[in-house]
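Novice: Have a look at this one before I ask anything.
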Amino acid sequence: MLNELKLIEAIFDYSTEGIIVCKNYSEIVMVNPSAAKIFHYTTDEMMGMEIETLIPKEKRDVHKQVRNNYAHQPVARPMGKNMVLYALRKDHTTFPVEISLSPFEINGNKYVVCFIIDITERLSTEEKLKEYTEILKRKNEEISYLNHALESKVKERTKELARVVYELSQSKNELSQALEKEKALNEIKSRFVSTASHEFRTPLGTILSSISLIQRYTKTEEQEKREKHIQRIKTAVVHLTEMLNDFLSLDKLEEGIIRYKPNVIIVPDALRQIIEEITPILKKGQHIVYKHLSDLTQCIVDAQILKNILFNLISNASKYSDEGKPIVIESNIAENNLIILVKDEGCGIPEEEQEFLFTRFFRANNVNNIQGTGLGLNIVKKYLELMNGKVKLKSKLNEGSTFTIYIPFYFNEKSKL
Ligand SMILES: Nc1ncnc2c1ncn2[C@@H]1O[C@H](COP(=O)(O)OP(=O)(O)OP(=O)(O)O)[C@@H](O)[C@H]1O
Ligand SMILES: [Mg+2]
């Protein structure tokens, strides 16, 4: 029994919680060392003290009331009800406490035992925790904001990247298209240059051989022979010039340099002059029969381009006809069109190849033994496009061909061409 009492005494003395026992809920009758320490008193000083001494002045009246109410209905009140009360130390400083109350009776006297914990530390830790939680919350919000911003930036950049990739692939396509075009153009040019240089060789050879022959014809009676070779040289030069013109005008046409420069012309006069110029290149015995079919004779057209077109058509008519064959040319003016027909009795064009005739470098398979580059008709087509005109072809193999061109013009006040 003695031991048990000692044990209870030890619990009372060494408990880390402050323990105060009050008689009649107000007078302190027992104080353990922890309680004295919490309030900065000695245990002796506290003995007999009214409990309100340990309560801040402004709360004392309320406390007395609460205490009286409690005296009528004393119940145990455990700790940890989240109730923060304030207590008063000896030095008049206040501090937060948590208190549990347990009422009991001995010999008819009413007591209450109070367990007291100074929660200053805990509250400041809780405060700090709150603060840290708040900081953490803010940081979290910042992070989620940054995340969001980052996400939209990534989205934006991805979009931008996709656009750049698309643009890159576009320009790659454009580049490869341009390269392809360039390649094709180069191919055509080199094909042309090789064909043209091949073509130049024959007339140049003719010129050279005729000149060396002329050199040998020194006698006066050989004048006729000399004339013949001079004529040959002339023809070869015309041929060379013609090819050069083809080459130059093709380039110019493609660059869009050649412009349509129409003038009033008297059709039969202009055509007779062209025929006169081209006659020297006709084959032996070939002759041109020309007719103008309309009463109207004037029209507005680019005379130089008209001449180029007719040179091509007439030289073809001559080239693809035998010696002695006639070439018929007819001009007409009808429905605001200048219509010119060039008809020969030559080798004709195979029907299945006629649709390709105006394609650059195209040559029909029945003319392999006749020199040519396959450019003339392509040039004719381009000239006509420039003038809004068109060309029609009728041809029968071994019978002959007829090329008819239509050039629209406007012979009225409005078109001061
Ligand atoms: N009057 C024609 N009779 C028969 N075939 C023709 C006639 N005119 C053109 N052709 C055919 O059309 C092809 C193309 O003619 P084009 O005038 O374009 O070229 P080319 O006469 O061969 O050469 P060049 O560029 O020197 O004129 C000729 O190679 C030929 O096969
Ligand atoms: Mg030709």
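Quick note on naming: the chains in the structure tokens go A, B, ... in the order shown, residues restart at 1 in each chain, and ligands are numbered from 1 in order of appearance.
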Which chain A residues have any atom within 6 Å of an atom of ligand 1, and for each, what is the nearest pair of atoms with distance in Å to one decimal, counting only C-alpha atoms and all ligand atoms, rows sorted by chain and number, as a Markdown table?
Specialist:
```
| residue | atom | partner | partner_atom_place_in_ligand_line | distance |
| --- | --- | --- | --- | --- |
| A:Asn316 | CA | ligand 1 | 8 (N) | 4.6 |
| A:Ala317 | CA | ligand 1 | 1 (N) | 3.9 |
| A:Tyr320 | CA | ligand 1 | 3 (N) | 4.8 |
| A:Gly346 | CA | ligand 1 | 3 (N) | 5.6 |
| A:Cys347 | CA | ligand 1 | 4 (C) | 5.3 |
| A:Gly348 | CA | ligand 1 | 4 (C) | 4.2 |
| A:Ile349 | CA | ligand 1 | 5 (N) | 5.0 |
| A:Leu357 | CA | ligand 1 | 12 (O) | 5.2 |
| A:Phe362 | CA | ligand 1 | 14 (C) | 5.6 |
| A:Arg363 | CA | ligand 1 | 29 (O) | 3.5 |
| A:Ala364 | CA | ligand 1 | 31 (O) | 3.6 |
| A:Val367 | CA | ligand 1 | 31 (O) | 5.3 |
| A:Gly372 | CA | ligand 1 | 23 (O) | 3.4 |
| A:Thr373 | CA | ligand 1 | 23 (O) | 3.9 |
| A:Gly374 | CA | ligand 1 | 19 (O) | 3.1 |
| A:Leu375 | CA | ligand 1 | 25 (O) | 3.6 |
| A:Gly376 | CA | ligand 1 | 17 (O) | 3.6 |
| A:Leu377 | CA | ligand 1 | 18 (O) | 3.6 |
| A:Asn378 | CA | ligand 1 | 18 (O) | 5.6 |
| A:Ser401 | CA | ligand 1 | 1 (N) | 5.4 |
```
Novice: Quick one: write out the picked residues with C-alpha atoms as a PDB file, in the first residue's frame?
Specialist:
```pdb
ATOM      1  CA  ASN A 316       8.114  23.163-145.353  1.00  0.00           C
ATOM      2  CA  ALA A 317       5.881  22.954-148.433  1.00  0.00           C
ATOM      3  CA  TYR A 320       8.564  18.076-148.247  1.00  0.00           C
ATOM      4  CA  GLY A 346       4.328  16.754-151.179  1.00  0.00           C
ATOM      5  CA  CYS A 347       4.835  13.642-149.115  1.00  0.00           C
ATOM      6  CA  GLY A 348       1.988  14.413-146.707  1.00  0.00           C
ATOM      7  CA  ILE A 349       1.878  13.559-143.009  1.00  0.00           C
ATOM      8  CA  LEU A 357       3.079  18.095-135.432  1.00  0.00           C
ATOM      9  CA  PHE A 362       8.561  16.543-133.430  1.00  0.00           C
ATOM     10  CA  ARG A 363       9.241  15.181-136.883  1.00  0.00           C
ATOM     11  CA  ALA A 364       7.039  12.694-138.713  1.00  0.00           C
ATOM     12  CA  VAL A 367      10.777  12.543-143.400  1.00  0.00           C
ATOM     13  CA  GLY A 372      15.012  19.470-140.233  1.00  0.00           C
ATOM     14  CA  THR A 373      14.917  20.263-136.514  1.00  0.00           C
ATOM     15  CA  GLY A 374      11.199  19.923-135.846  1.00  0.00           C
ATOM     16  CA  LEU A 375      10.973  23.463-134.572  1.00  0.00           C
ATOM     17  CA  GLY A 376       9.341  25.411-137.403  1.00  0.00           C
ATOM     18  CA  LEU A 377       5.715  24.480-136.722  1.00  0.00           C
ATOM     19  CA  ASN A 378       6.143  24.887-132.976  1.00  0.00           C
ATOM     20  CA  SER A 401      -0.695  18.953-147.165  1.00  0.00           C
TER      21      SER A 401
END
```
Novice: Could you check how far atom CA of Arg67 of chain A sits from atom CA of Phe104 of chain A, in Å to one decimal?
Specialist: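 Computing the Euclidean distance for atom CA of Arg67 of chain A and atom CA of Phe104 of chain A yields 14.8 Å.
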Novice: Ile266 of chain A: which residues within 9 Å, counting only C-alpha atoms, same-chain residues fewer than 3 positions away excluded, as a VMD selection string?
Specialist: chain A and resid 269 to 271 297 to 300
Novice: Need to verify the contact set: Ile309 of chain A, 10 Å, only C-alpha atoms, exclusion of same-chain residues closer than 5 positions in sequence. Can you return it as a PyMOL selection string?
Specialist: chain A and resi 303-304+314+376-377+379-384+405
Novice: Using DSSP on the backbone, list every residue of segment 148-327 of chain A that comes out as strand (DSSP E or B), and give them as a list in words.
Specialist: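 Strand (DSSP E or B) members of segment 148-327 of chain A, listed: Asn263, Val264, Ile265, Ile266, His287, Ile288, Val289, Tyr290, Lys291, His292, Gln298, Cys299, Ile300, Val301, Pro326 and Ile327 of chain A.
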Novice: How would the residues just picked look written out with C-alpha atoms as a tab-separated table (two decimals), in the first residue's frame?
Specialist:
```
chain	number	residue	atom	x	y	z
A	263	ASN	CA	0.14	47.68	-138.80
A	264	VAL	CA	-2.18	48.21	-141.71
A	265	ILE	CA	-0.97	46.10	-144.62
A	266	ILE	CA	-2.18	45.52	-148.14
A	287	HIS	CA	6.87	27.49	-158.22
A	288	ILE	CA	4.35	29.35	-156.13
A	289	VAL	CA	0.84	30.02	-157.43
A	290	TYR	CA	-0.69	32.87	-155.46
A	291	LYS	CA	-4.29	34.14	-155.38
A	292	HIS	CA	-6.04	36.71	-153.21
A	298	GLN	CA	-6.35	45.74	-146.17
A	299	CYS	CA	-5.92	44.27	-142.77
A	300	ILE	CA	-4.16	44.98	-139.53
A	301	VAL	CA	-1.48	42.52	-138.66
A	326	PRO	CA	3.64	23.59	-157.35
A	327	ILE	CA	2.87	25.36	-154.09
```
Novice: Skipping near chain neighbours, those fewer than 5 positions away, what residues fall within 10 Å of Gly205 of chain A using only C-alpha atoms, listed as a list in words?
Specialist: Phe200, Ser210, Ile211, Ile233 and Ala236 of chain A
Novice: Name the residues of segment 252-342 of chain A that fall into helix (DSSP H, G or I) according to DSSP on the backbone, using the chain letters and numbers of this document, as a ChimeraX atom specification.
Specialist: /A:252-255,267-281,303-319
Novice: Output N, CA, C and O atoms of each residue in that selection to a file, as a short mmCIF file (atom, residue, chain, number, x, y, z; two decimals), in the first residue's frame.
Specialist:
```
data_model
loop_
_atom_site.label_atom_id
_atom_site.label_comp_id
_atom_site.auth_asym_id
_atom_site.auth_seq_id
_atom_site.Cartn_x
_atom_site.Cartn_y
_atom_site.Cartn_z
N LYS A 252 13.20 34.19 -127.84
CA LYS A 252 12.52 35.46 -127.55
C LYS A 252 11.05 35.23 -127.23
O LYS A 252 10.51 35.83 -126.32
N LEU A 253 10.45 34.34 -128.01
CA LEU A 253 9.04 34.04 -127.78
C LEU A 253 8.83 33.53 -126.36
O LEU A 253 7.91 33.92 -125.67
N GLU A 254 9.74 32.64 -125.94
CA GLU A 254 9.60 32.06 -124.61
C GLU A 254 9.82 33.07 -123.49
O GLU A 254 9.20 33.01 -122.45
N GLU A 255 10.71 33.99 -123.75
CA GLU A 255 10.94 35.02 -122.73
C GLU A 255 9.87 36.10 -122.79
O GLU A 255 9.83 36.99 -121.97
N VAL A 267 -2.73 43.19 -148.10
CA VAL A 267 -2.42 41.76 -148.05
C VAL A 267 -1.74 41.24 -149.32
O VAL A 267 -0.66 40.64 -149.23
N PRO A 268 -2.33 41.45 -150.53
CA PRO A 268 -1.68 40.86 -151.71
C PRO A 268 -0.26 41.38 -151.92
O PRO A 268 0.63 40.60 -152.28
N ASP A 269 -0.05 42.67 -151.63
CA ASP A 269 1.30 43.24 -151.81
C ASP A 269 2.29 42.58 -150.85
O ASP A 269 3.39 42.17 -151.26
N ALA A 270 1.89 42.50 -149.60
CA ALA A 270 2.79 41.94 -148.59
C ALA A 270 3.13 40.50 -148.94
O ALA A 270 4.29 40.07 -148.84
N LEU A 271 2.12 39.74 -149.36
CA LEU A 271 2.36 38.33 -149.67
C LEU A 271 3.26 38.15 -150.90
O LEU A 271 4.12 37.27 -150.90
N ARG A 272 3.05 39.01 -151.90
CA ARG A 272 3.90 38.91 -153.10
C ARG A 272 5.36 39.15 -152.73
O ARG A 272 6.25 38.46 -153.20
N GLN A 273 5.58 40.10 -151.86
CA GLN A 273 6.95 40.40 -151.44
C GLN A 273 7.57 39.21 -150.69
O GLN A 273 8.72 38.83 -150.93
N ILE A 274 6.79 38.63 -149.81
CA ILE A 274 7.29 37.47 -149.06
C ILE A 274 7.64 36.34 -150.02
O ILE A 274 8.69 35.70 -149.92
N ILE A 275 6.74 36.12 -151.00
CA ILE A 275 6.95 35.04 -151.97
C ILE A 275 8.23 35.29 -152.77
O ILE A 275 9.02 34.37 -152.99
N GLU A 276 8.43 36.54 -153.15
CA GLU A 276 9.63 36.88 -153.90
C GLU A 276 10.89 36.56 -153.09
O GLU A 276 11.87 36.02 -153.61
N GLU A 277 10.83 36.89 -151.81
CA GLU A 277 12.00 36.65 -150.94
C GLU A 277 12.30 35.17 -150.76
O GLU A 277 13.45 34.77 -150.65
N ILE A 278 11.26 34.38 -150.76
CA ILE A 278 11.47 32.96 -150.46
C ILE A 278 11.75 32.11 -151.71
O ILE A 278 12.32 31.02 -151.60
N THR A 279 11.37 32.64 -152.83
CA THR A 279 11.53 31.86 -154.06
C THR A 279 12.93 31.27 -154.26
O THR A 279 13.04 30.10 -154.67
N PRO A 280 14.02 32.00 -154.00
CA PRO A 280 15.35 31.41 -154.24
C PRO A 280 15.59 30.09 -153.50
O PRO A 280 16.45 29.32 -153.91
N ILE A 281 14.89 29.83 -152.43
CA ILE A 281 15.17 28.57 -151.72
C ILE A 281 14.31 27.41 -152.22
O ILE A 281 14.45 26.28 -151.78
N ALA A 303 3.37 42.53 -139.66
CA ALA A 303 3.91 42.04 -140.93
C ALA A 303 5.12 41.13 -140.72
O ALA A 303 5.28 40.13 -141.43
N GLN A 304 5.95 41.44 -139.75
CA GLN A 304 7.16 40.64 -139.52
C GLN A 304 6.81 39.23 -139.05
O GLN A 304 7.35 38.24 -139.54
N ILE A 305 5.86 39.17 -138.12
CA ILE A 305 5.45 37.85 -137.63
C ILE A 305 4.78 37.05 -138.74
O ILE A 305 5.04 35.85 -138.91
N LEU A 306 3.94 37.74 -139.53
CA LEU A 306 3.28 37.07 -140.64
C LEU A 306 4.33 36.47 -141.59
O LEU A 306 4.21 35.34 -142.05
N LYS A 307 5.37 37.25 -141.83
CA LYS A 307 6.43 36.78 -142.73
C LYS A 307 7.12 35.54 -142.15
O LYS A 307 7.34 34.55 -142.86
N ASN A 308 7.43 35.59 -140.86
CA ASN A 308 8.07 34.42 -140.22
C ASN A 308 7.20 33.17 -140.33
O ASN A 308 7.69 32.08 -140.62
N ILE A 309 5.91 33.36 -140.11
CA ILE A 309 4.99 32.21 -140.19
C ILE A 309 5.01 31.64 -141.61
O ILE A 309 5.18 30.42 -141.81
N LEU A 310 4.86 32.53 -142.59
CA LEU A 310 4.79 32.06 -143.97
C LEU A 310 6.11 31.45 -144.43
O LEU A 310 6.12 30.45 -145.16
N PHE A 311 7.24 32.00 -144.00
CA PHE A 311 8.54 31.41 -144.33
C PHE A 311 8.58 29.95 -143.88
O PHE A 311 9.03 29.07 -144.61
N ASN A 312 8.12 29.73 -142.65
CA ASN A 312 8.12 28.35 -142.12
C ASN A 312 7.22 27.44 -142.93
O ASN A 312 7.61 26.33 -143.31
N LEU A 313 5.99 27.93 -143.20
CA LEU A 313 5.03 27.07 -143.90
C LEU A 313 5.47 26.82 -145.35
O LEU A 313 5.39 25.69 -145.85
N ILE A 314 5.96 27.89 -146.02
CA ILE A 314 6.35 27.73 -147.44
C ILE A 314 7.63 26.88 -147.53
O ILE A 314 7.75 26.01 -148.39
N SER A 315 8.57 27.11 -146.62
CA SER A 315 9.80 26.31 -146.71
C SER A 315 9.50 24.83 -146.44
O SER A 315 10.10 23.95 -147.04
N ASN A 316 8.54 24.56 -145.55
CA ASN A 316 8.11 23.16 -145.35
C ASN A 316 7.49 22.60 -146.64
O ASN A 316 7.81 21.49 -147.05
N ALA A 317 6.57 23.41 -147.22
CA ALA A 317 5.88 22.95 -148.43
C ALA A 317 6.90 22.60 -149.51
O ALA A 317 6.76 21.58 -150.21
N SER A 318 7.97 23.41 -149.59
CA SER A 318 9.00 23.15 -150.60
C SER A 318 9.82 21.92 -150.21
O SER A 318 10.05 21.02 -151.01
N LYS A 319 10.26 21.91 -148.94
CA LYS A 319 11.15 20.86 -148.46
C LYS A 319 10.51 19.48 -148.58
O LYS A 319 11.17 18.50 -148.90
#
```
Novice: Quick one: pull the distance between atom CA of Ile407 of chain A and atom CA of Lys261 of chain A, Å, one decimal.
Specialist: 13.5 Å
Novice: Using only C-alpha atoms and all ligand atoms, find the one residue out of A:Ser152, A:Thr359, A:Asn398, A:Gln371 that sits nearest to ligand 2.
Specialist: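 That would be A:Gln371, the residue with the smallest distance to ligand 2.
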Novice: For ligand 2, which of A:Leu393, A:Ile370, A:Tyr406, A:Lys130 is the closest residue, counting only C-alpha atoms and all ligand atoms?
Specialist: A:Ile370
Novice: Do you know which residues are at most 9 Å from segment 83-87 of chain A counting only C-alpha atoms, after dropping those on the same chain fewer than 2 positions away, and could you put them as a list in words?
Specialist: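 Listed by chain and then number, they are Phe39, Leu54, Ile55, Pro56, Lys59, Met79, Gly80, Lys81, Arg89, Thr93, Thr94, Phe95, Pro96, Val97, Glu98, Ile99 and Ile119 of chain A.
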Novice: Between A:Gln215, A:Ser34, A:Thr133, A:Gln354, which has the minimum distance to Ile116 of chain A (counting only C-alpha atoms)?
Specialist: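 Ranking A:Gln215, A:Ser34, A:Thr133, A:Gln354 by distance to Ile116 of chain A, first place goes to A:Ser34.
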